[in-house]
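Undergrad: mmCIF, C-alpha atoms and all ligand atoms, file run-v1.cif:
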data_data
#
loop_
_atom_site.group_PDB
_atom_site.id
_atom_site.type_symbol
_atom_site.label_atom_id
_atom_site.label_comp_id
_atom_site.auth_asym_id
_atom_site.auth_seq_id
_atom_site.Cartn_x
_atom_site.Cartn_y
_atom_site.Cartn_z
ATOM 1 C CA MET A 17 50.280 -73.141 -10.995
ATOM 2 C CA SER A 18 51.285 -74.504 -7.600
ATOM 3 C CA LEU A 19 52.525 -72.752 -4.498
ATOM 4 C CA SER A 20 55.910 -73.653 -3.100
ATOM 5 C CA SER A 21 56.220 -74.396 0.605
ATOM 6 C CA THR A 22 58.221 -71.177 1.076
ATOM 7 C CA HIS A 23 54.942 -69.312 0.525
ATOM 8 C CA LEU A 24 53.064 -71.218 3.193
ATOM 9 C CA PRO A 25 52.045 -69.343 6.348
ATOM 10 C CA SER A 26 54.306 -69.693 9.350
ATOM 11 C CA GLY A 27 53.643 -72.341 12.025
ATOM 12 C CA HIS A 28 52.529 -69.769 14.535
ATOM 13 C CA SER A 29 49.434 -68.942 12.398
ATOM 14 C CA ARG A 30 48.117 -72.287 13.537
ATOM 15 C CA MET A 31 46.835 -70.743 16.759
ATOM 16 C CA TRP A 32 44.294 -68.586 14.869
ATOM 17 C CA PHE A 33 42.659 -71.741 13.530
ATOM 18 C CA ALA A 34 42.553 -73.644 16.822
ATOM 19 C CA SER A 35 39.045 -72.330 17.617
ATOM 20 C CA ASP A 36 36.419 -69.842 16.432
ATOM 21 C CA TYR A 37 37.211 -67.866 19.574
ATOM 22 C CA ASN A 38 40.883 -67.519 18.595
ATOM 23 C CA PHE A 39 40.029 -66.741 14.973
ATOM 24 C CA GLN A 40 37.731 -63.844 15.790
ATOM 25 C CA HIS A 41 40.639 -62.038 17.460
ATOM 26 C CA LEU A 42 41.940 -61.272 13.975
ATOM 27 C CA TYR A 43 39.110 -58.702 13.838
ATOM 28 C CA PRO A 44 37.838 -55.647 15.724
ATOM 29 C CA GLN A 45 34.947 -56.079 18.166
ATOM 30 C CA TYR A 46 32.296 -54.912 15.711
ATOM 31 C CA ILE A 47 33.160 -57.849 13.434
ATOM 32 C CA GLN A 48 33.493 -60.272 16.338
ATOM 33 C CA ALA A 49 29.976 -59.409 17.502
ATOM 34 C CA LEU A 50 28.562 -60.456 14.111
ATOM 35 C CA SER A 51 30.342 -63.794 14.117
ATOM 36 C CA GLN A 52 27.678 -66.039 15.613
ATOM 37 C CA VAL A 53 25.066 -65.240 12.959
ATOM 38 C CA HIS A 54 26.953 -64.065 9.890
ATOM 39 C CA TRP A 55 30.367 -65.793 9.579
ATOM 40 C CA THR A 56 30.991 -69.453 8.796
ATOM 41 C CA PRO A 57 32.205 -71.575 11.755
ATOM 42 C CA LEU A 58 35.736 -72.944 11.197
ATOM 43 C CA LYS A 59 34.526 -76.546 11.262
ATOM 44 C CA VAL A 60 32.060 -75.802 8.450
ATOM 45 C CA ALA A 61 34.670 -73.890 6.423
ATOM 46 C CA VAL A 62 37.146 -76.778 6.589
ATOM 47 C CA SER A 63 34.517 -79.344 5.679
ATOM 48 C CA ALA A 64 33.245 -77.268 2.728
ATOM 49 C CA ALA A 65 36.822 -76.609 1.581
ATOM 50 C CA GLU A 66 37.645 -80.311 1.683
ATOM 51 C CA PHE A 67 34.750 -80.920 -0.727
ATOM 52 C CA LEU A 68 35.567 -77.985 -3.028
ATOM 53 C CA ALA A 69 39.375 -78.148 -3.152
ATOM 54 C CA MET A 70 39.639 -81.399 -5.058
ATOM 55 C CA VAL A 71 42.208 -80.402 -7.666
ATOM 56 C CA PRO A 72 45.286 -78.246 -6.927
ATOM 57 C CA GLY A 73 45.270 -74.970 -8.866
ATOM 58 C CA GLU A 74 41.472 -74.714 -9.119
ATOM 59 C CA ARG A 75 39.643 -71.492 -8.252
ATOM 60 C CA ILE A 76 36.892 -71.345 -5.650
ATOM 61 C CA LEU A 77 34.600 -68.322 -5.237
ATOM 62 C CA ASP A 78 32.852 -67.402 -1.976
ATOM 63 C CA ILE A 79 29.710 -65.528 -3.097
ATOM 64 C CA GLY A 80 29.361 -62.841 -0.414
ATOM 65 C CA SER A 81 32.638 -63.278 1.461
ATOM 66 C CA GLY A 82 31.924 -60.961 4.418
ATOM 67 C CA SER A 83 34.902 -60.654 6.754
ATOM 68 C CA GLY A 84 36.678 -63.397 4.795
ATOM 69 C CA LYS A 85 36.408 -66.244 7.266
ATOM 70 C CA PHE A 86 35.566 -69.000 4.773
ATOM 71 C CA CYS A 87 38.316 -68.050 2.296
ATOM 72 C CA ILE A 88 40.960 -67.566 4.972
ATOM 73 C CA ALA A 89 40.259 -70.858 6.754
ATOM 74 C CA ALA A 90 39.946 -72.728 3.450
ATOM 75 C CA GLY A 91 43.081 -71.105 2.026
ATOM 76 C CA TYR A 92 45.102 -71.965 5.108
ATOM 77 C CA HIS A 93 44.139 -75.645 4.985
ATOM 78 C CA TYR A 94 44.339 -75.976 1.175
ATOM 79 C CA PRO A 95 47.373 -73.912 0.105
ATOM 80 C CA GLU A 96 47.393 -75.278 -3.451
ATOM 81 C CA THR A 97 43.850 -74.099 -4.228
ATOM 82 C CA PHE A 98 42.940 -70.457 -4.922
ATOM 83 C CA PHE A 99 40.119 -68.917 -2.901
ATOM 84 C CA TYR A 100 38.417 -65.688 -3.979
ATOM 85 C CA GLY A 101 35.781 -63.680 -2.165
ATOM 86 C CA ILE A 102 33.389 -61.127 -3.631
ATOM 87 C CA GLU A 103 31.844 -58.783 -1.080
ATOM 88 C CA GLN A 104 29.561 -55.754 -1.484
ATOM 89 C CA ARG A 105 30.617 -53.978 1.749
ATOM 90 C CA ASP A 106 33.969 -52.221 1.438
ATOM 91 C CA ASP A 107 34.651 -52.196 5.208
ATOM 92 C CA LEU A 108 34.325 -55.994 5.307
ATOM 93 C CA VAL A 109 36.743 -56.325 2.388
ATOM 94 C CA ARG A 110 39.250 -54.198 4.298
ATOM 95 C CA TYR A 111 38.923 -56.357 7.422
ATOM 96 C CA ALA A 112 39.230 -59.508 5.312
ATOM 97 C CA ASN A 113 42.428 -58.223 3.696
ATOM 98 C CA THR A 114 43.941 -57.230 7.031
ATOM 99 C CA ALA A 115 43.240 -60.678 8.505
ATOM 100 C CA LYS A 116 44.607 -62.391 5.390
ATOM 101 C CA GLU A 117 47.806 -60.327 5.560
ATOM 102 C CA MET A 118 48.279 -61.048 9.268
ATOM 103 C CA ILE A 119 48.334 -64.744 8.428
ATOM 104 C CA GLY A 120 50.034 -64.479 5.057
ATOM 105 C CA LEU A 121 48.013 -66.373 2.460
ATOM 106 C CA PRO A 122 49.093 -65.835 -1.160
ATOM 107 C CA ASN A 123 46.288 -68.112 -2.424
ATOM 108 C CA VAL A 124 43.458 -65.926 -1.013
ATOM 109 C CA SER A 125 42.056 -62.731 -2.662
ATOM 110 C CA PHE A 126 39.149 -60.470 -1.829
ATOM 111 C CA MET A 127 37.278 -58.262 -4.295
ATOM 112 C CA HIS A 128 34.958 -55.397 -3.481
ATOM 113 C CA GLY A 129 31.763 -55.374 -5.550
ATOM 114 C CA ASN A 130 28.415 -56.937 -6.172
ATOM 115 C CA MET A 131 28.356 -60.604 -7.181
ATOM 116 C CA THR A 132 26.253 -59.515 -10.193
ATOM 117 C CA GLU A 133 29.488 -58.001 -11.624
ATOM 118 C CA VAL A 134 31.419 -61.274 -11.413
ATOM 119 C CA ASN A 135 32.235 -63.483 -14.377
ATOM 120 C CA PHE A 136 31.356 -66.864 -12.915
ATOM 121 C CA SER A 137 33.128 -68.720 -15.708
ATOM 122 C CA HIS A 138 36.476 -67.604 -14.189
ATOM 123 C CA TYR A 139 35.862 -69.955 -11.245
ATOM 124 C CA ASP A 140 35.632 -73.730 -10.909
ATOM 125 C CA HIS A 141 33.583 -74.247 -7.738
ATOM 126 C CA PHE A 142 31.514 -72.151 -5.308
ATOM 127 C CA TYR A 143 30.684 -71.606 -1.636
ATOM 128 C CA PHE A 144 27.435 -69.908 -0.634
ATOM 129 C CA PHE A 145 26.332 -69.052 2.922
ATOM 130 C CA ASN A 146 22.817 -67.841 2.097
ATOM 131 C CA SER A 147 24.235 -64.375 1.487
ATOM 132 C CA PHE A 148 21.032 -62.677 0.327
ATOM 133 C CA TYR A 149 19.014 -63.729 3.366
ATOM 134 C CA GLU A 150 19.367 -60.408 5.181
ATOM 135 C CA ASN A 151 17.167 -58.879 2.464
ATOM 136 C CA LEU A 152 14.162 -60.771 3.824
ATOM 137 C CA PRO A 153 11.924 -59.096 6.424
ATOM 138 C CA GLY A 154 12.560 -60.029 10.069
ATOM 139 C CA THR A 155 16.145 -61.246 9.574
ATOM 140 C CA TYR A 156 19.329 -60.084 11.322
ATOM 141 C CA LYS A 157 21.136 -57.423 9.291
ATOM 142 C CA ILE A 158 24.897 -56.819 9.280
ATOM 143 C CA ASP A 159 24.304 -53.031 9.354
ATOM 144 C CA ASN A 160 21.762 -50.404 8.353
ATOM 145 C CA LYS A 161 23.737 -49.060 5.403
ATOM 146 C CA LEU A 162 21.922 -50.943 2.622
ATOM 147 C CA THR A 163 18.395 -51.091 1.293
ATOM 148 C CA TYR A 164 16.862 -54.490 1.945
ATOM 149 C CA SER A 165 13.833 -55.992 0.233
ATOM 150 C CA LYS A 166 12.292 -59.244 -0.924
ATOM 151 C CA THR A 167 12.576 -57.902 -4.485
ATOM 152 C CA ILE A 168 16.375 -57.561 -4.130
ATOM 153 C CA TYR A 169 16.504 -61.056 -2.617
ATOM 154 C CA ASN A 170 14.641 -62.479 -5.622
ATOM 155 C CA GLN A 171 16.787 -60.550 -8.118
ATOM 156 C CA TYR A 172 20.072 -61.761 -6.579
ATOM 157 C CA ARG A 173 18.828 -65.328 -6.198
ATOM 158 C CA GLY A 174 17.638 -65.350 -9.822
ATOM 159 C CA PHE A 175 20.961 -63.974 -11.082
ATOM 160 C CA LEU A 176 23.021 -66.450 -9.029
ATOM 161 C CA PHE A 177 20.974 -69.465 -10.083
ATOM 162 C CA ARG A 178 21.202 -68.518 -13.776
ATOM 163 C CA GLU A 179 25.013 -68.165 -13.505
ATOM 164 C CA LEU A 180 25.427 -71.462 -11.655
ATOM 165 C CA GLU A 181 23.178 -73.232 -14.156
ATOM 166 C CA LYS A 182 25.559 -72.175 -16.968
ATOM 167 C CA MET A 183 28.532 -73.867 -15.272
ATOM 168 C CA PRO A 184 29.810 -77.196 -16.687
ATOM 169 C CA ALA A 185 28.944 -80.624 -15.313
ATOM 170 C CA GLY A 186 31.162 -81.473 -12.353
ATOM 171 C CA THR A 187 30.992 -77.958 -10.853
ATOM 172 C CA ARG A 188 30.831 -78.235 -7.073
ATOM 173 C CA LEU A 189 28.718 -76.040 -4.825
ATOM 174 C CA ALA A 190 28.770 -76.071 -1.025
ATOM 175 C CA THR A 191 25.789 -74.321 0.579
ATOM 176 C CA TYR A 192 25.388 -73.397 4.248
ATOM 177 C CA HIS A 193 22.015 -72.513 5.787
ATOM 178 C CA CYS A 194 20.192 -72.846 2.451
ATOM 179 C CA GLY A 195 17.062 -74.955 1.935
ATOM 180 C CA GLU A 196 17.809 -78.407 0.554
ATOM 181 C CA GLU A 197 15.181 -77.950 -2.191
ATOM 182 C CA ASP A 198 16.365 -74.452 -3.102
ATOM 183 C CA LEU A 199 19.086 -75.360 -5.601
ATOM 184 C CA PRO A 200 19.917 -74.179 -9.127
ATOM 185 C CA ALA A 201 18.600 -76.538 -11.826
ATOM 186 C CA GLY A 202 20.959 -79.429 -12.564
ATOM 187 C CA TYR A 203 22.634 -79.467 -9.114
ATOM 188 C CA GLN A 204 22.255 -82.525 -6.938
ATOM 189 C CA ILE A 205 23.060 -82.917 -3.241
ATOM 190 C CA VAL A 206 25.653 -85.691 -2.929
ATOM 191 C CA LYS A 207 26.339 -85.381 0.792
ATOM 192 C CA THR A 208 25.075 -83.391 3.734
ATOM 193 C CA ALA A 209 26.566 -82.499 7.138
ATOM 194 C CA MET A 210 25.946 -80.371 10.246
ATOM 195 C CA ASN A 211 22.328 -81.518 10.574
ATOM 196 C CA HIS A 212 21.563 -80.724 6.916
ATOM 197 C CA LEU A 213 22.818 -77.139 7.292
ATOM 198 C CA LEU A 214 25.848 -77.825 5.088
ATOM 199 C CA ASN A 215 25.064 -79.369 1.717
ATOM 200 C CA PHE A 216 27.539 -80.614 -0.859
ATOM 201 C CA CYS A 217 26.190 -80.379 -4.413
ATOM 202 C CA VAL A 218 27.472 -81.277 -7.863
ATOM 203 C CA LYS A 219 26.214 -80.139 -11.267
ATOM 204 C CA ILE A 220 25.210 -83.187 -13.313
HETATM 205 C C1 LIG A 301 26.178 -64.606 5.712
HETATM 206 S S1 LIG A 301 27.519 -63.536 5.257
HETATM 207 C C2 LIG A 301 28.714 -64.799 4.876
HETATM 208 C C3 LIG A 301 30.136 -64.317 4.901
HETATM 209 C C4 LIG A 301 31.198 -65.337 4.499
HETATM 210 N N1 LIG A 301 30.870 -66.009 3.267
HETATM 211 C C5 LIG A 301 31.402 -66.378 5.559
HETATM 212 O O1 LIG A 301 30.994 -67.493 5.299
HETATM 213 O O2 LIG A 301 31.943 -66.092 6.622
HETATM 214 C C6 LIG A 301 26.958 -62.965 3.658
HETATM 215 C C7 LIG A 301 27.753 -61.826 3.046
HETATM 216 O O3 LIG A 301 27.322 -61.674 1.699
HETATM 217 C C8 LIG A 301 27.393 -60.305 1.353
HETATM 218 N N2 LIG A 301 26.496 -60.084 0.204
HETATM 219 C C9 LIG A 301 25.152 -60.166 0.177
HETATM 220 N N3 LIG A 301 24.683 -59.907 -1.061
HETATM 221 C C10 LIG A 301 25.771 -59.661 -1.844
HETATM 222 C C11 LIG A 301 25.935 -59.335 -3.212
HETATM 223 N N4 LIG A 301 24.891 -59.211 -4.036
HETATM 224 N N5 LIG A 301 27.192 -59.149 -3.696
HETATM 225 C C12 LIG A 301 28.270 -59.250 -2.864
HETATM 226 N N6 LIG A 301 28.168 -59.550 -1.549
HETATM 227 C C13 LIG A 301 26.936 -59.763 -1.037
HETATM 228 C C14 LIG A 301 26.952 -59.598 2.623
HETATM 229 O O4 LIG A 301 27.373 -58.237 2.619
HETATM 230 C C15 LIG A 301 27.596 -60.469 3.701
HETATM 231 O O5 LIG A 301 28.842 -59.961 4.057
#
Could you quickly redo this structure as structure tokens?

TA:
Amino acid sequence: MSLSSTHLPSGHSRMWFASDYNFQHLYPQYIQALSQVHWTPLKVAVSAAEFLAMVPGERILDIGSGSGKFCIAAGYHYPETFFYGIEQRDDLVRYANTAKEMIGLPNVSFMHGNMTEVNFSHYDHFYFFNSFYENLPGTYKIDNKLTYSKTIYNQYRGFLFRELEKMPAGTRLATYHCGEEDLPAGYQIVKTAMNHLLNFCVKI
């Protein structure tokens, strides 16, 4: 399936993507205040999307999509690729949908739920901004509404790695703020950027 140019966002959306400062004005202040620590910078999103969106029509999943910044920026720049976000916090899904609708991106979708409920085989490639990190002691939390623990961190990490290990050779994974050695079995870093904070991996 490909998207016709009549579905592309209007030229005036361009201003939202001119800087991280402009982009955060799609959101209320509470979300803006979390931006520095929790949402992907635009430059990183575009670079990761360039690596992931190789083939028009493919489906990319952001595992823990937060306020939707990665999917929205990626979807804007790569209108022929489909970007999906799974997010456990329903308020963040609402903000992501509002921002997406303000821009008008038919190739971007957000789902509310835990990534443990997702069928990974429905997607071709993945983006992961160390989403489980806030479970570790001493880290910045998005809010105080969830229970955080090292046990939950290990459970989620174990689940995610097992799912990614089942994916076919050629599956691409872009990780941000994840240790270079902490990869699912079979994935190899093929390129790195942003001082090793952004890693581009391929399943071999
Ligand atoms: C660091 S933020 C990244 C947000 C977004 N990917 C971005 O790059 O802007 C991580 C997000 O993952 C979500 N998250 C953490 N664990 C999750 C899980 N098990 N299932 C779904 N979402 C999860 C958090 O609620 C948070 O919004």

Undergrad: Rank A:Arg188, A:Leu50, A:Val134, A:Gln40 by their smallest atom-to-atom distance to Phe175 in chain A, using only C-alpha atoms, and report the top residue only.

TA: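 Of A:Arg188, A:Leu50, A:Val134, A:Gln40, the one nearest Phe175 in chain A is A:Val134, counting only C-alpha atoms.
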
Undergrad: Please, which residues have at least one atom within 7 Å of an atom of ligand LIG 301 (chain A), using all atoms listed in the file, listed as a PyMOL selection string?

TA: chain A and resi 54-56+78-86+102-105+108+129-132+144-148+172

Undergrad: Return as AutoDock Vina command-line options the box centre and box size in Å, one decimal, for an axis-aligned box around all listed atoms of range 147-153 of chain A padded by 4 Å per side.

TA:
--center_x 18.1 --center_y -61.6 --center_z 3.4 --size_x 20.3 --size_y 13.5 --size_z 14.1

Undergrad: Can you measure CA of Leu42 in chain A to CA of Asp107 in chain A for me? One decimal in Å is fine.

TA: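 So the two atoms, CA of Leu42 in chain A and CA of Asp107 in chain A, lie 14.6 Å apart.
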
Undergrad: So, counting only C-alpha atoms, which residue among A:Asn113, A:Asn38, A:Ser29, A:Thr187 is closest to Ser137 in chain A?

TA: A:Thr187

Undergrad: When distances are computed from only C-alpha atoms, which of A:Tyr43, A:Tyr143, A:Phe216, A:Phe136 shows the smallest separation from Cys87 in chain A?

TA: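 Closest to Cys87 in chain A of all the choices is A:Tyr143.
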
Undergrad: Near Phe39 in chain A, within 12 Å and counting only C-alpha atoms, which residues show up once chain neighbours fewer than 2 positions away are dropped, as a PyMOL selection string?

TA: chain A and resi 29-37+41-44+47-48+51+55-59+83-86+88-89+115-116+118-119

Undergrad: Would you compute the distance between CA of Glu74 in chain A and CA of Ala90 in chain A? Give it in Å to one decimal.

TA: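 The value is 12.8 Å.
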
Undergrad: As an exercise, work out the distance from CA of Ile168 in chain A to CA of Tyr192 in chain A in Å and give it to one decimal place.

TA: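 Going from CA of Ile168 in chain A over to CA of Tyr192 in chain A covers 20.1 Å.
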
Undergrad: Tell me which of A:Ala201, A:Met210, A:Val62, A:Leu121 sits closest to Phe177 in chain A, counting all atoms listed in the file.

TA: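 Going through A:Ala201, A:Met210, A:Val62, A:Leu121 one by one, the smallest distance to Phe177 in chain A is for A:Ala201.
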
Undergrad: Under the rule that only C-alpha atoms are counted, which of A:Cys194, A:Leu152, A:Ala209, A:Leu180 is the nearest residue to Ala61 in chain A?

TA: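 Between A:Cys194, A:Leu152, A:Ala209, A:Leu180, the residue approaching Ala61 in chain A most closely is A:Ala209.
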
Undergrad: Under the rule that all atoms listed in the file are counted, which of A:Leu199, A:Ile76, A:Val71, A:Cys217 is the nearest residue to Gly174 in chain A?

TA: A:Leu199

Undergrad: Step by step, work through what the PyMOL selection byres (((chain A and resi 100) around 6) and not hetatm) selects in the shown file, and finish by giving those residues as a JSON list (two decimals) with C-alpha atoms, keeping the file's coordinate frame.

TA:
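See selection-v4.json below for the written result:
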[["chain", "number", "residue", "atom", "x", "y", "z"],
["A", 77, "LEU", "CA", 34.60, -68.32, -5.24],
["A", 99, "PHE", "CA", 40.12, -68.92, -2.90],
["A", 101, "GLY", "CA", 35.78, -63.68, -2.16],
["A", 124, "VAL", "CA", 43.46, -65.93, -1.01],
["A", 125, "SER", "CA", 42.06, -62.73, -2.66],
["A", 126, "PHE", "CA", 39.15, -60.47, -1.83]]

Undergrad: Tell me which protein, DNA and RNA residues are within 12 Å of Thr163 in chain A, counting only C-alpha atoms, leaving out same-chain ones fewer than 6 positions away, and put them as a PDB file with C-alpha atoms, in the frame of the given file.

TA:
ATOM      1  CA  PHE A 148      21.032 -62.677   0.327  1.00  0.00           C
ATOM      2  CA  GLU A 150      19.367 -60.408   5.181  1.00  0.00           C
ATOM      3  CA  ASN A 151      17.167 -58.879   2.464  1.00  0.00           C
ATOM      4  CA  LEU A 152      14.162 -60.771   3.824  1.00  0.00           C
ATOM      5  CA  PRO A 153      11.924 -59.096   6.424  1.00  0.00           C
ATOM      6  CA  LYS A 157      21.136 -57.423   9.291  1.00  0.00           C
ATOM      7  CA  TYR A 169      16.504 -61.056  -2.617  1.00  0.00           C
TER       8      TYR A 169
END

Undergrad: Taking the file as I've supplied it (selection: the PyMOL selection byres (((chain A and resi 205) around 9) and not hetatm)), which residues are included? Please answer as a list of chain:residue names.

TA: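 So the PyMOL selection byres (((chain A and resi 205) around 9) and not hetatm), applied here, picks out A:Glu196, A:Leu199, A:Tyr203, A:Gln204, A:Val206, A:Lys207, A:Thr208, A:Asn215, A:Phe216, A:Cys217, A:Val218.
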
Undergrad: Report as JSON, numbers by chain all protein, DNA and RNA residues lying within 9 Å of Gly186 in chain A, evaluated on only C-alpha atoms, omitting residues in the same chain fewer than 6 positions from it.

TA: {"A": [141, 218, 219, 220]}

Undergrad: Could you rebuild range 68-95 of chain A with N, CA and C atoms and give it back as an mmCIF file, keeping the file's coordinate frame?

TA:
data_model
loop_
_atom_site.group_PDB
_atom_site.id
_atom_site.type_symbol
_atom_site.label_atom_id
_atom_site.label_comp_id
_atom_site.auth_asym_id
_atom_site.auth_seq_id
_atom_site.Cartn_x
_atom_site.Cartn_y
_atom_site.Cartn_z
ATOM 1 N N LEU A 68 35.373 -78.848 -1.853
ATOM 2 C CA LEU A 68 35.567 -77.985 -3.028
ATOM 3 C C LEU A 68 36.985 -78.058 -3.597
ATOM 4 N N ALA A 69 37.962 -78.224 -2.725
ATOM 5 C CA ALA A 69 39.375 -78.148 -3.152
ATOM 6 C C ALA A 69 39.887 -79.514 -3.572
ATOM 7 N N MET A 70 39.292 -80.045 -4.621
ATOM 8 C CA MET A 70 39.639 -81.399 -5.058
ATOM 9 C C MET A 70 40.917 -81.426 -5.885
ATOM 10 N N VAL A 71 41.105 -80.388 -6.699
ATOM 11 C CA VAL A 71 42.208 -80.402 -7.666
ATOM 12 C C VAL A 71 43.097 -79.186 -7.420
ATOM 13 N N PRO A 72 44.390 -79.394 -7.146
ATOM 14 C CA PRO A 72 45.286 -78.246 -6.927
ATOM 15 C C PRO A 72 45.233 -77.280 -8.103
ATOM 16 N N GLY A 73 45.272 -75.981 -7.811
ATOM 17 C CA GLY A 73 45.270 -74.970 -8.866
ATOM 18 C C GLY A 73 43.881 -74.479 -9.234
ATOM 19 N N GLU A 74 42.831 -75.167 -8.767
ATOM 20 C CA GLU A 74 41.472 -74.714 -9.119
ATOM 21 C C GLU A 74 41.102 -73.465 -8.313
ATOM 22 N N ARG A 75 40.047 -72.790 -8.812
ATOM 23 C CA ARG A 75 39.643 -71.492 -8.252
ATOM 24 C C ARG A 75 38.245 -71.609 -7.654
ATOM 25 N N ILE A 76 38.161 -71.253 -6.379
ATOM 26 C CA ILE A 76 36.892 -71.345 -5.650
ATOM 27 C C ILE A 76 36.431 -69.924 -5.325
ATOM 28 N N LEU A 77 35.151 -69.643 -5.557
ATOM 29 C CA LEU A 77 34.600 -68.322 -5.237
ATOM 30 C C LEU A 77 33.624 -68.421 -4.066
ATOM 31 N N ASP A 78 33.833 -67.565 -3.061
ATOM 32 C CA ASP A 78 32.852 -67.402 -1.976
ATOM 33 C C ASP A 78 31.949 -66.233 -2.370
ATOM 34 N N ILE A 79 30.669 -66.529 -2.601
ATOM 35 C CA ILE A 79 29.710 -65.528 -3.097
ATOM 36 C C ILE A 79 29.140 -64.768 -1.894
ATOM 37 N N GLY A 80 29.702 -63.598 -1.624
ATOM 38 C CA GLY A 80 29.361 -62.841 -0.414
ATOM 39 C C GLY A 80 30.323 -63.253 0.691
ATOM 40 N N SER A 81 31.552 -62.732 0.618
ATOM 41 C CA SER A 81 32.638 -63.278 1.461
ATOM 42 C C SER A 81 32.749 -62.617 2.827
ATOM 43 N N GLY A 82 31.961 -61.570 3.091
ATOM 44 C CA GLY A 82 31.924 -60.961 4.418
ATOM 45 C C GLY A 82 33.301 -60.575 4.934
ATOM 46 N N SER A 83 33.606 -60.981 6.148
ATOM 47 C CA SER A 83 34.902 -60.654 6.754
ATOM 48 C C SER A 83 35.995 -61.633 6.315
ATOM 49 N N GLY A 84 35.653 -62.548 5.411
ATOM 50 C CA GLY A 84 36.678 -63.397 4.795
ATOM 51 C C GLY A 84 36.930 -64.719 5.480
ATOM 52 N N LYS A 85 36.082 -65.065 6.446
ATOM 53 C CA LYS A 85 36.408 -66.244 7.266
ATOM 54 C C LYS A 85 36.491 -67.536 6.447
ATOM 55 N N PHE A 86 35.507 -67.764 5.554
ATOM 56 C CA PHE A 86 35.566 -69.000 4.773
ATOM 57 C C PHE A 86 36.856 -69.069 3.957
ATOM 58 N N CYS A 87 37.140 -68.008 3.190
ATOM 59 C CA CYS A 87 38.316 -68.050 2.296
ATOM 60 C C CYS A 87 39.613 -68.206 3.078
ATOM 61 N N ILE A 88 39.704 -67.518 4.206
ATOM 62 C CA ILE A 88 40.960 -67.566 4.972
ATOM 63 C C ILE A 88 41.171 -68.961 5.572
ATOM 64 N N ALA A 89 40.116 -69.516 6.163
ATOM 65 C CA ALA A 89 40.259 -70.858 6.754
ATOM 66 C C ALA A 89 40.520 -71.893 5.656
ATOM 67 N N ALA A 90 39.782 -71.771 4.554
ATOM 68 C CA ALA A 90 39.946 -72.728 3.450
ATOM 69 C C ALA A 90 41.342 -72.592 2.843
ATOM 70 N N GLY A 91 41.779 -71.358 2.641
ATOM 71 C CA GLY A 91 43.081 -71.105 2.026
ATOM 72 C C GLY A 91 44.244 -71.575 2.884
ATOM 73 N N TYR A 92 44.064 -71.501 4.181
ATOM 74 C CA TYR A 92 45.102 -71.965 5.108
ATOM 75 C C TYR A 92 45.248 -73.490 5.021
ATOM 76 N N HIS A 93 44.107 -74.176 4.984
ATOM 77 C CA HIS A 93 44.139 -75.645 4.985
ATOM 78 C C HIS A 93 44.432 -76.236 3.605
ATOM 79 N N TYR A 94 44.122 -75.467 2.547
ATOM 80 C CA TYR A 94 44.339 -75.976 1.175
ATOM 81 C C TYR A 94 45.189 -74.978 0.398
ATOM 82 N N PRO A 95 46.506 -74.948 0.676
ATOM 83 C CA PRO A 95 47.373 -73.912 0.105
ATOM 84 C C PRO A 95 47.566 -74.023 -1.403
#
